[in-house]
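Participant: Next up, protein.txt (compact mmCIF, C-alpha atoms).
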# COMPACT_ATOMS: atom_id res chain seq x y z
CA MET A 4 35.52 7.90 -68.54
CA SER A 5 34.62 11.47 -69.39
CA LEU A 6 37.06 13.62 -71.27
CA PHE A 7 35.80 16.76 -69.58
CA PRO A 8 34.65 15.90 -66.06
CA LEU A 9 34.75 19.50 -64.96
CA SER A 10 36.76 22.25 -66.47
CA ASN A 11 36.51 25.99 -66.41
CA MET A 12 37.49 27.16 -69.86
CA GLY A 13 37.66 30.93 -69.63
CA GLN A 14 34.27 32.34 -68.78
CA MET A 15 32.52 29.11 -69.70
CA ILE A 16 32.28 26.11 -67.39
CA VAL A 17 32.36 22.96 -69.51
CA GLU A 18 30.92 19.80 -67.97
CA ASP A 19 30.57 16.33 -69.46
CA TRP A 20 27.78 14.46 -67.72
CA GLY A 21 28.31 11.27 -69.74
CA LEU A 22 25.29 8.99 -70.25
CA ILE A 23 22.61 10.42 -67.99
CA ASP A 24 18.86 9.96 -67.61
CA TYR A 25 16.94 12.76 -69.36
CA LEU A 26 14.95 13.88 -66.32
CA VAL A 27 17.97 13.76 -64.00
CA ALA A 28 19.84 15.92 -66.49
CA PHE A 29 16.87 18.29 -66.75
CA ASP A 30 16.89 18.81 -62.98
CA ARG A 31 20.63 19.48 -63.08
CA GLN A 32 20.11 21.90 -65.96
CA LYS A 33 17.54 23.81 -63.91
CA LYS A 34 20.06 24.14 -61.07
CA CYS A 35 22.65 25.49 -63.51
CA VAL A 36 20.08 27.97 -64.84
CA GLN A 37 19.49 29.22 -61.29
CA GLU A 38 23.24 29.62 -60.76
CA VAL A 39 23.70 31.53 -64.01
CA MET A 40 20.73 33.76 -63.17
CA ALA A 41 22.45 34.48 -59.86
CA GLY A 42 25.58 35.64 -61.69
CA ALA A 43 27.67 32.46 -62.10
CA SER A 44 29.66 31.78 -65.28
CA ASP A 45 27.88 30.27 -68.26
CA TYR A 46 27.78 26.48 -68.52
CA LEU A 47 28.33 24.33 -71.57
CA ILE A 48 27.07 20.85 -70.77
CA LEU A 49 27.69 17.78 -72.90
CA CYS A 50 25.99 14.44 -72.41
CA GLU A 51 24.07 11.56 -73.95
CA HIS A 52 20.72 10.18 -72.86
CA PRO A 53 19.42 6.58 -72.77
CA ALA A 54 16.73 6.14 -75.43
CA VAL A 55 13.80 8.39 -74.58
CA LEU A 56 10.96 10.14 -76.36
CA THR A 57 10.23 13.53 -74.86
CA LEU A 58 6.78 14.91 -75.49
CA GLY A 59 6.50 18.70 -75.51
CA ARG A 60 3.30 20.53 -74.65
CA MET A 61 2.36 20.86 -78.31
CA THR A 62 2.80 17.16 -79.13
CA ASN A 63 0.36 15.91 -81.71
CA PRO A 64 -0.80 12.39 -80.77
CA ASP A 65 -0.21 11.42 -84.42
CA SER A 66 3.50 12.11 -83.96
CA LEU A 67 3.87 8.76 -82.15
CA LEU A 68 3.65 6.16 -84.88
CA TYR A 69 3.30 3.17 -82.54
CA GLN A 70 1.41 2.42 -79.34
CA ARG A 71 3.18 3.46 -76.15
CA GLU A 72 3.58 -0.15 -75.08
CA GLU A 73 5.27 -1.16 -78.33
CA ILE A 74 7.65 1.77 -78.02
CA GLU A 75 8.53 0.96 -74.43
CA ASN A 76 9.02 -2.70 -75.37
CA ARG A 77 11.79 -1.51 -77.66
CA GLY A 78 13.55 -0.08 -74.61
CA VAL A 79 12.56 3.50 -75.32
CA MET A 80 11.15 5.48 -72.40
CA ILE A 81 8.42 8.06 -72.95
CA THR A 82 8.26 11.17 -70.84
CA SER A 83 6.27 14.41 -70.95
CA VAL A 84 8.35 17.52 -70.53
CA ASP A 85 7.68 21.10 -69.60
CA ARG A 86 8.52 22.71 -72.92
CA GLY A 87 6.81 23.77 -76.12
CA GLY A 88 7.20 21.80 -79.30
CA ASP A 89 6.37 18.28 -80.40
CA VAL A 90 8.06 14.92 -79.84
CA THR A 91 11.84 14.48 -79.85
CA LEU A 92 13.99 11.38 -79.59
CA HIS A 93 17.24 11.15 -77.64
CA ALA A 94 19.41 8.06 -77.64
CA PRO A 95 23.00 6.99 -77.07
CA GLY A 96 25.23 8.13 -79.93
CA GLN A 97 23.44 11.46 -80.06
CA LEU A 98 25.60 14.18 -78.51
CA ILE A 99 23.45 16.50 -76.43
CA VAL A 100 24.74 20.01 -75.89
CA TYR A 101 23.07 22.19 -73.29
CA PRO A 102 24.39 25.76 -73.35
CA ILE A 103 23.25 27.51 -70.18
CA PHE A 104 24.13 31.02 -71.27
CA ASN A 105 23.19 34.39 -69.89
CA LEU A 106 22.00 36.26 -72.97
CA ASN A 107 21.95 39.48 -70.95
CA ASN A 108 25.70 39.41 -71.76
CA TYR A 109 25.15 38.74 -75.46
CA GLY A 110 22.57 41.32 -76.46
CA LYS A 111 19.24 39.74 -75.38
CA ASP A 112 18.33 38.64 -78.88
CA LEU A 113 16.84 35.19 -79.46
CA LYS A 114 17.26 35.41 -83.21
CA THR A 115 20.98 36.17 -82.96
CA TYR A 116 21.46 33.38 -80.43
CA MET A 117 19.67 30.84 -82.58
CA GLU A 118 21.61 31.93 -85.67
CA LYS A 119 24.87 31.50 -83.74
CA LEU A 120 23.84 27.99 -82.70
CA GLU A 121 22.96 27.08 -86.27
CA GLU A 122 26.17 28.61 -87.64
CA LEU A 123 28.40 26.80 -85.19
CA ALA A 124 26.53 23.55 -85.85
CA VAL A 125 27.13 23.94 -89.58
CA ASP A 126 30.81 24.75 -88.90
CA LEU A 127 31.12 21.72 -86.64
CA LEU A 128 29.89 19.41 -89.36
CA ARG A 129 32.18 21.01 -91.94
CA ASN A 130 35.10 19.90 -89.74
CA PHE A 131 33.94 16.34 -90.31
CA GLY A 132 33.53 16.75 -94.06
CA ILE A 133 29.77 17.23 -93.96
CA LEU A 134 28.16 20.12 -95.82
CA ALA A 135 25.06 21.12 -93.86
CA ILE A 136 22.69 24.06 -93.98
CA SER A 137 20.16 25.78 -91.78
CA ILE A 138 16.77 26.47 -93.36
CA HIS A 139 14.84 29.67 -92.76
CA GLY A 140 11.78 29.00 -90.64
CA LYS A 141 12.83 25.47 -89.63
CA ARG A 142 14.53 24.46 -86.41
CA GLY A 143 17.69 22.43 -86.78
CA VAL A 144 20.43 21.76 -89.28
CA PHE A 145 19.98 19.75 -92.46
CA VAL A 146 22.03 17.84 -95.00
CA GLY A 147 19.97 18.05 -98.14
CA PRO A 148 16.42 17.23 -97.01
CA ASP A 149 17.59 15.17 -94.02
CA LYS A 150 17.88 16.57 -90.53
CA ILE A 151 21.12 15.90 -88.69
CA ILE A 152 21.00 18.28 -85.73
CA SER A 153 17.89 19.15 -83.75
CA ILE A 154 17.80 22.45 -81.94
CA GLY A 155 15.34 23.26 -79.19
CA VAL A 156 15.97 26.19 -76.94
CA GLY A 157 14.21 27.49 -73.87
CA VAL A 158 14.86 30.88 -72.30
CA ARG A 159 14.05 32.11 -68.82
CA LYS A 160 15.04 35.61 -67.67
CA TRP A 161 17.30 35.59 -70.74
CA VAL A 162 19.18 32.51 -69.50
CA THR A 163 19.09 29.66 -72.01
CA TYR A 164 18.51 25.96 -71.48
CA HIS A 165 17.94 22.89 -73.64
CA GLY A 166 20.03 23.05 -76.81
CA LEU A 167 21.29 20.78 -79.55
CA GLY A 168 20.96 17.08 -80.31
CA ILE A 169 23.71 16.10 -82.73
CA ASN A 170 23.25 12.74 -84.39
CA VAL A 171 26.79 11.43 -84.27
CA ASN A 172 26.32 7.64 -84.13
CA THR A 173 22.61 7.52 -83.26
CA ASP A 174 20.63 4.37 -84.11
CA LEU A 175 18.51 6.05 -86.80
CA SER A 176 15.95 3.23 -86.84
CA LEU A 177 14.62 4.61 -83.54
CA PHE A 178 13.35 7.68 -85.40
CA ASN A 179 10.92 5.39 -87.22
CA LEU A 180 8.89 5.38 -84.02
CA ILE A 181 7.92 9.03 -84.41
CA LYS A 182 7.47 11.99 -86.68
CA PRO A 183 10.47 13.93 -85.35
CA CYS A 184 9.29 17.33 -84.11
CA GLY A 185 5.94 16.52 -85.71
CA LEU A 186 7.45 16.75 -89.18
CA ASN A 187 7.67 14.26 -91.98
CA VAL A 188 11.42 14.58 -92.05
CA ARG A 189 14.04 11.88 -92.37
CA MET A 190 16.91 11.94 -89.92
CA THR A 191 20.54 11.28 -90.70
CA SER A 192 23.77 11.03 -88.72
CA MET A 193 27.46 11.79 -89.01
CA GLN A 194 28.11 8.03 -88.95
CA LYS A 195 25.75 7.43 -91.87
CA LEU A 196 27.17 10.28 -93.94
CA ASN A 197 30.81 9.41 -93.23
CA GLY A 198 30.30 5.68 -93.58
CA HIS A 199 31.96 4.89 -90.27
CA VAL A 200 31.56 5.41 -86.54
CA VAL A 201 32.68 8.89 -85.54
CA LYS A 202 34.67 9.31 -82.34
CA MET A 203 32.40 11.06 -79.88
CA ASP A 204 35.35 12.69 -78.11
CA ASP A 205 36.49 14.29 -81.38
CA VAL A 206 33.04 15.85 -81.78
CA LYS A 207 33.07 17.04 -78.17
CA ILE A 208 36.45 18.75 -78.61
CA LYS A 209 35.29 20.50 -81.77
CA ILE A 210 31.95 21.64 -80.40
CA ILE A 211 33.66 23.17 -77.36
CA GLU A 212 36.01 25.05 -79.69
CA GLN A 213 33.06 26.27 -81.78
CA PHE A 214 31.23 27.57 -78.71
CA GLN A 215 34.35 29.28 -77.38
CA LYS A 216 34.80 31.04 -80.71
CA ALA A 217 31.14 32.02 -81.05
CA PHE A 218 30.60 33.19 -77.44
CA LYS A 219 33.65 35.11 -76.31
CA MET B 867 -4.21 46.75 -63.36
CA THR B 868 -1.08 45.49 -65.06
CA ASN B 869 -0.77 43.98 -68.49
CA ILE B 870 1.26 40.82 -69.06
CA VAL B 871 3.07 41.72 -72.27
CA LEU B 872 4.96 39.72 -74.87
CA PRO B 873 8.45 41.22 -74.52
CA GLU B 874 10.94 42.09 -77.24
CA LEU B 875 12.58 38.79 -78.17
CA GLY B 876 15.10 39.98 -80.72
CA GLU B 877 15.59 41.84 -83.95
CA GLY B 878 13.03 40.91 -86.56
CA ILE B 879 10.88 38.86 -84.19
CA THR B 880 7.45 40.48 -84.30
CA LYS B 881 5.23 37.73 -82.95
CA ALA B 882 5.16 34.45 -81.07
CA THR B 883 2.66 31.71 -80.35
CA ILE B 884 1.51 31.16 -76.80
CA ALA B 885 2.29 27.46 -76.29
CA CYS B 886 0.67 27.16 -72.90
CA TRP B 887 -0.47 29.02 -69.83
CA HIS B 888 0.78 27.74 -66.48
CA VAL B 889 -1.96 29.61 -64.58
CA LYS B 890 -5.68 30.22 -65.04
CA VAL B 891 -8.02 33.17 -64.61
CA GLY B 892 -8.62 33.83 -60.94
CA ASP B 893 -5.25 32.47 -59.79
CA SER B 894 -3.17 34.55 -57.40
CA LEU B 895 0.17 35.48 -58.93
CA GLN B 896 3.47 36.51 -57.43
CA GLU B 897 5.72 38.91 -59.30
CA GLY B 898 8.29 36.83 -61.21
CA GLN B 899 6.16 33.69 -61.25
CA ASP B 900 5.99 31.77 -64.56
CA VAL B 901 2.68 32.50 -66.24
CA CYS B 902 3.02 31.23 -69.80
CA GLU B 903 5.38 30.11 -72.50
CA ALA B 904 5.77 31.84 -75.85
CA VAL B 905 7.21 29.96 -78.81
CA THR B 906 8.79 31.40 -81.93
CA ASP B 907 9.77 29.25 -84.89
CA LYS B 908 13.10 28.59 -83.19
CA ALA B 909 12.80 28.85 -79.41
CA SER B 910 10.51 29.02 -76.42
CA PHE B 911 10.52 31.82 -73.89
CA VAL B 912 9.10 31.68 -70.37
CA ILE B 913 7.05 34.76 -69.51
CA GLU B 914 6.79 35.80 -65.90
CA SER B 915 4.23 37.79 -64.01
CA PRO B 916 5.18 41.47 -63.99
CA ALA B 917 3.27 42.07 -60.74
CA THR B 918 1.69 40.44 -57.72
CA GLY B 919 -2.11 40.14 -57.92
CA LYS B 920 -4.87 38.05 -59.39
CA LEU B 921 -5.09 37.00 -63.05
CA LYS B 922 -8.21 38.81 -64.26
CA SER B 923 -8.26 37.73 -67.87
CA ILE B 924 -6.33 35.96 -70.61
CA ALA B 925 -6.31 37.70 -73.99
CA ILE B 926 -4.22 35.21 -75.97
CA THR B 927 -5.02 31.57 -75.33
CA ASP B 928 -2.97 28.42 -75.99
CA GLY B 929 -2.05 28.10 -79.64
CA GLN B 930 -2.86 31.71 -80.54
CA GLU B 931 -0.35 34.20 -81.87
CA ALA B 932 0.61 37.36 -80.02
CA LEU B 933 2.41 40.44 -81.25
CA VAL B 934 5.52 41.71 -79.49
CA GLY B 935 4.40 44.42 -77.08
CA GLY B 936 0.85 43.08 -77.10
CA ALA B 937 -1.09 42.22 -73.95
CA LEU B 938 -1.41 38.52 -73.17
CA GLY B 939 -3.45 38.94 -70.02
CA ILE B 940 -4.37 41.35 -67.25
CA ILE B 941 -3.47 41.25 -63.56
CA GLU B 942 -5.53 43.17 -61.00
Turn the structure described in the file into structure tokens.
Facilitator:
Amino acid sequence: MSLFPLSNMGQMIVEDWGLIDYLVAFDRQKKCVQEVMAGASDYLILCEHPAVLTLGRMTNPDSLLYQREEIENRGVMITSVDRGGDVTLHAPGQLIVYPIFNLNNYGKDLKTYMEKLEELAVDLLRNFGILAISIHGKRGVFVGPDKIISIGVGVRKWVTYHGLGINVNTDLSLFNLIKPCGLNVRMTSMQKLNGHVVKMDDVKIKIIEQFQKAFK
Amino acid sequence: MTNIVLPELGEGITKATIACWHVKVGDSLQEGQDVCEAVTDKASFVIESPATGKLKSIAITDGQEALVGGALGIIE
């Protein structure tokens, strides 16, 4: 049962879509983008996806470390998506956050937006006793050399889509199937760093608070 | 003739890579139609046609870098 089935928190509509197929969620995101372009309130969408590899338009074939069939036999779907970037993995236990924000109201500045996302991601982790950093020139948030949060943002008419993938309790062995984002980077999770399963609802509550603080 | 231009993306962002074109030379374009996608080190940005017409040429192809304010292609 979702904690936040549908709530309008100030100017931001927060929706929890639960466990939802990646492409179904992408279609719903696009509808939200259209609404926000037409003047509706911003959306903050939370969800998880069944295991899926999404291949961006700049995916290097070498980023898949196994044959497609072997990957699919492990229960991981593979889908090509209409975005830049390389391959990304989503799976249950990874909290997906899709901010559908109208940046016309926040200064039309991609750099500022991305810095805000990275800052609030670092703050989120600090609430769970994890000291993370963002690294100049690299997408995402890191703990030491390991990546814990992936960030991939798209913008259309200054309305944002896509967002953050926070490894809360993700099965990290799935990342062995790929070079995440085309990089030789090791992934980590809040569960691994804390040594126990982290309550997803606690992370959801905190991330909503962080967004409300950062985007007033 | 109208230039398709890489718009201002934010303070300190001077260039972006064209990840992909959604249209090809000779295609008819409607104003506001998606034409290509620019990628910075942190985000991707959909660029739309600034005018209705035909795509005459592409100046910056997939994978190449473009400067903010620079022409990516020409519509006639």
Participant: For chain B versus chain A, which residues have an atom no more than 6 Å away, and what is each residue's nearest atom pair and distance in Å rounded to one decimal, using only C-alpha atoms, chain-then-number order, as JSON lines?
Facilitator:
{"residue": "B:Leu875", "atom": "CA", "partner": "A:Leu113", "partner_atom": "CA", "distance": 5.7}
{"residue": "B:Gly876", "atom": "CA", "partner": "A:Asp112", "partner_atom": "CA", "distance": 4.0}
{"residue": "B:Ala885", "atom": "CA", "partner": "A:Gly87", "partner_atom": "CA", "distance": 5.8}
{"residue": "B:Lys908", "atom": "CA", "partner": "A:Arg142", "partner_atom": "CA", "distance": 5.4}
{"residue": "B:Ala909", "atom": "CA", "partner": "A:Val156", "partner_atom": "CA", "distance": 4.8}
{"residue": "B:Ser910", "atom": "CA", "partner": "A:Gly157", "partner_atom": "CA", "distance": 4.7}
{"residue": "B:Phe911", "atom": "CA", "partner": "A:Val158", "partner_atom": "CA", "distance": 4.7}
{"residue": "B:Val912", "atom": "CA", "partner": "A:Arg159", "partner_atom": "CA", "distance": 5.2}
Participant: Mind checking which residues fall within 6 Å of Cys902 of chain B, counting only C-alpha atoms, ignoring those fewer than 6 positions away in the same chain, and posting them as a list in words?
Facilitator: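 So, after excluding close chain neighbours, the residues are Cys886, Trp887, His888 and Ile913 of chain B.
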Participant: Please report the interatomic distance between atom CA of Gly878 of chain B and atom CA of Asn105 of chain A in Å with one decimal.
Facilitator: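 Here the two named atoms are 20.6 Å from each other.
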Participant: Would you compute the distance between atom CA of Val200 of chain A and atom CA of Asn170 of chain A? Give it in Å to one decimal.
Facilitator: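 Separation between atom CA of Val200 of chain A and atom CA of Asn170 of chain A: 11.3 Å.
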Participant: When you look at Ile138 of chain A with a cut-off of 10 Å (counting all atoms listed in the file), what residues show up, excluding the ones that are within fewer than 5 positions of it in the same chain? I need them as JSON, numbers by chain.
Facilitator: {"A": [121, 143, 144, 145, 148]}
Participant: Export C-alpha atoms of the chosen residues as a PDB file, in the frame of the given file?
Facilitator:
ATOM      1  CA  GLU A 121      22.960  27.080 -86.270  1.00  0.00           C
ATOM      2  CA  GLY A 143      17.690  22.430 -86.780  1.00  0.00           C
ATOM      3  CA  VAL A 144      20.430  21.760 -89.280  1.00  0.00           C
ATOM      4  CA  PHE A 145      19.980  19.750 -92.460  1.00  0.00           C
ATOM      5  CA  PRO A 148      16.420  17.230 -97.010  1.00  0.00           C
TER       6      PRO A 148
END
Participant: Counting all atoms listed in the file, which residue out of A:Ser192, A:Thr91, A:Gln213, A:Asn108 sits closest to Ser66 of chain A?
Facilitator: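 Comparing A:Ser192, A:Thr91, A:Gln213, A:Asn108 against Ser66 of chain A, the winner is A:Thr91.
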Participant: Return the single residue from B:Pro873, B:Ile879, B:Glu942, B:Met867 that is closest to Leu895 of chain B, with distances computed using all atoms listed in the file.
Facilitator: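 Answer, going by the shortest atom-to-atom distance: B:Glu942.
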Participant: From the options B:Ala917, B:Ala904, B:Ala882, B:Val891, which residue's atoms come nearest to Ala932 of chain B, counting all atoms listed in the file?
Facilitator: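 Looking only at the distances to Ala932 of chain B, the closest residue turns out to be B:Ala882.
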Participant: Name the residues in contact with segment 34-49 of chain A at a cut-off of 6 Å, using all atoms listed in the file, excluding same-chain residues fewer than 5 positions from it; report them as a PyMOL selection string.
Facilitator: chain A and resi 14-19+99-104
Participant: Within 7 Å of (6.0, 33.6, -66.5) (coordinates as in the file), grab all the protein and nucleic acid residues, counting only C-alpha atoms, and write them out as number ranges by chain.
Facilitator: B: 898-903, 912-915
Participant: Create the file for the chosen residues now, containing C-alpha atoms and written as a PDB file, in the coordinates of the input.
Facilitator:
ATOM      1  CA  GLY B 898       8.290  36.830 -61.210  1.00  0.00           C
ATOM      2  CA  GLN B 899       6.160  33.690 -61.250  1.00  0.00           C
ATOM      3  CA  ASP B 900       5.990  31.770 -64.560  1.00  0.00           C
ATOM      4  CA  VAL B 901       2.680  32.500 -66.240  1.00  0.00           C
ATOM      5  CA  CYS B 902       3.020  31.230 -69.800  1.00  0.00           C
ATOM      6  CA  GLU B 903       5.380  30.110 -72.500  1.00  0.00           C
ATOM      7  CA  VAL B 912       9.100  31.680 -70.370  1.00  0.00           C
ATOM      8  CA  ILE B 913       7.050  34.760 -69.510  1.00  0.00           C
ATOM      9  CA  GLU B 914       6.790  35.800 -65.900  1.00  0.00           C
ATOM     10  CA  SER B 915       4.230  37.790 -64.010  1.00  0.00           C
TER      11      SER B 915
END
Participant: To one decimal place, how far is atom CA of Pro916 of chain B from atom CA of Ser894 of chain B in Å?
Facilitator: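 Rounded to one decimal, the two atoms are 12.7 Å apart.
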Participant: Please define a box with edges along x, y and z of the file around all atoms of segment 906-912 of chain B given in the file, extend it by 6 Å on each side, and return its centre and edge lengths in Å to one decimal, as JSON.
Facilitator:
{"center_x": 10.9, "center_y": 30.2, "center_z": -77.6, "size_x": 16.3, "size_y": 15.2, "size_z": 26.5}
Participant: Need the shell around Lys216 of chain A: protein/DNA/RNA residues with any atom at most 10 Å away, counting only C-alpha atoms. Skip same-chain ones fewer than 5 positions apart. Format as a CSV table (one decimal) with C-alpha atoms, keeping the file's coordinate frame?
Facilitator:
chain,number,residue,atom,x,y,z
A,123,LEU,CA,28.4,26.8,-85.2
A,210,ILE,CA,32.0,21.6,-80.4
A,211,ILE,CA,33.7,23.2,-77.4
Participant: Could you please give me, as a list of chain:residue names, the residues of protein, DNA or RNA lying at most 10 Å from (31.5, 16.6, -78.8) in the coordinate frame of the file, considering only C-alpha atoms?
Facilitator: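 The requested residues, written out, are A:Leu6, A:Asp19, A:Leu49, A:Cys50, A:Gln97, A:Leu98, A:Ile99, A:Val100, A:Leu127, A:Ile169, A:Val171, A:Lys202, A:Met203, A:Asp204, A:Asp205, A:Val206, A:Lys207, A:Ile208, A:Lys209, A:Ile210, A:Ile211, A:Glu212.
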Participant: Would you mind listing what lies within 8 Å of Gly935 of chain B as a ChimeraX atom specification, with all atoms listed in the file counted and same-chain residues fewer than 5 positions away left out?
Facilitator: /B:871-874
Participant: Could segment 894-903 of chain B be completed with all heavy atoms and returned as a compact mmCIF listing (two decimals), in the frame of the given file?
Facilitator:
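Contents of result-v3.txt, freshly written:
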# COMPACT_ATOMS: atom_id res chain seq x y z
N SER B 894 -4.02 33.51 -57.99
CA SER B 894 -3.17 34.55 -57.40
C SER B 894 -1.76 34.39 -57.95
O SER B 894 -1.24 33.28 -58.03
CB SER B 894 -3.14 34.41 -55.88
OG SER B 894 -4.43 34.67 -55.37
N LEU B 895 -1.16 35.51 -58.33
CA LEU B 895 0.17 35.48 -58.93
C LEU B 895 1.16 36.27 -58.08
O LEU B 895 0.80 37.30 -57.51
CB LEU B 895 0.15 36.10 -60.34
CG LEU B 895 -0.84 35.54 -61.35
CD1 LEU B 895 -0.74 36.31 -62.67
CD2 LEU B 895 -0.57 34.07 -61.59
N GLN B 896 2.38 35.77 -58.05
CA GLN B 896 3.47 36.51 -57.43
C GLN B 896 4.32 37.12 -58.55
O GLN B 896 4.49 36.49 -59.61
CB GLN B 896 4.37 35.57 -56.60
CG GLN B 896 3.69 34.95 -55.40
CD GLN B 896 3.28 35.99 -54.36
OE1 GLN B 896 4.06 36.87 -54.03
NE2 GLN B 896 2.07 35.87 -53.85
N GLU B 897 4.83 38.31 -58.31
CA GLU B 897 5.72 38.91 -59.30
C GLU B 897 6.89 37.95 -59.57
O GLU B 897 7.48 37.40 -58.63
CB GLU B 897 6.27 40.24 -58.78
CG GLU B 897 7.12 40.96 -59.82
CD GLU B 897 7.62 42.31 -59.32
OE1 GLU B 897 7.09 42.82 -58.31
OE2 GLU B 897 8.54 42.85 -59.96
N GLY B 898 7.18 37.71 -60.84
CA GLY B 898 8.29 36.83 -61.21
C GLY B 898 7.88 35.38 -61.41
O GLY B 898 8.67 34.56 -61.87
N GLN B 899 6.64 35.06 -61.08
CA GLN B 899 6.16 33.69 -61.25
C GLN B 899 5.94 33.39 -62.74
O GLN B 899 5.50 34.25 -63.50
CB GLN B 899 4.82 33.56 -60.49
CG GLN B 899 4.13 32.23 -60.63
CD GLN B 899 2.77 32.23 -59.91
OE1 GLN B 899 2.48 33.11 -59.10
NE2 GLN B 899 1.95 31.26 -60.23
N ASP B 900 6.24 32.16 -63.16
CA ASP B 900 5.99 31.77 -64.56
C ASP B 900 4.49 31.82 -64.83
O ASP B 900 3.71 31.24 -64.06
CB ASP B 900 6.46 30.34 -64.83
CG ASP B 900 7.96 30.19 -64.68
OD1 ASP B 900 8.65 31.21 -64.52
OD2 ASP B 900 8.43 29.04 -64.74
N VAL B 901 4.11 32.49 -65.91
CA VAL B 901 2.68 32.50 -66.24
C VAL B 901 2.38 31.79 -67.56
O VAL B 901 1.36 31.13 -67.69
CB VAL B 901 2.09 33.93 -66.26
CG1 VAL B 901 2.00 34.49 -64.87
CG2 VAL B 901 2.86 34.86 -67.18
N CYS B 902 3.27 31.93 -68.53
CA CYS B 902 3.02 31.23 -69.80
C CYS B 902 4.32 31.09 -70.57
O CYS B 902 5.37 31.60 -70.16
CB CYS B 902 1.96 31.95 -70.63
SG CYS B 902 2.41 33.60 -71.17
N GLU B 903 4.21 30.37 -71.67
CA GLU B 903 5.38 30.11 -72.50
C GLU B 903 5.08 30.52 -73.93
O GLU B 903 4.08 30.09 -74.51
CB GLU B 903 5.70 28.61 -72.44
CG GLU B 903 7.05 28.25 -72.96
CD GLU B 903 7.34 26.76 -72.73
OE1 GLU B 903 6.97 26.24 -71.66
OE2 GLU B 903 7.90 26.15 -73.64
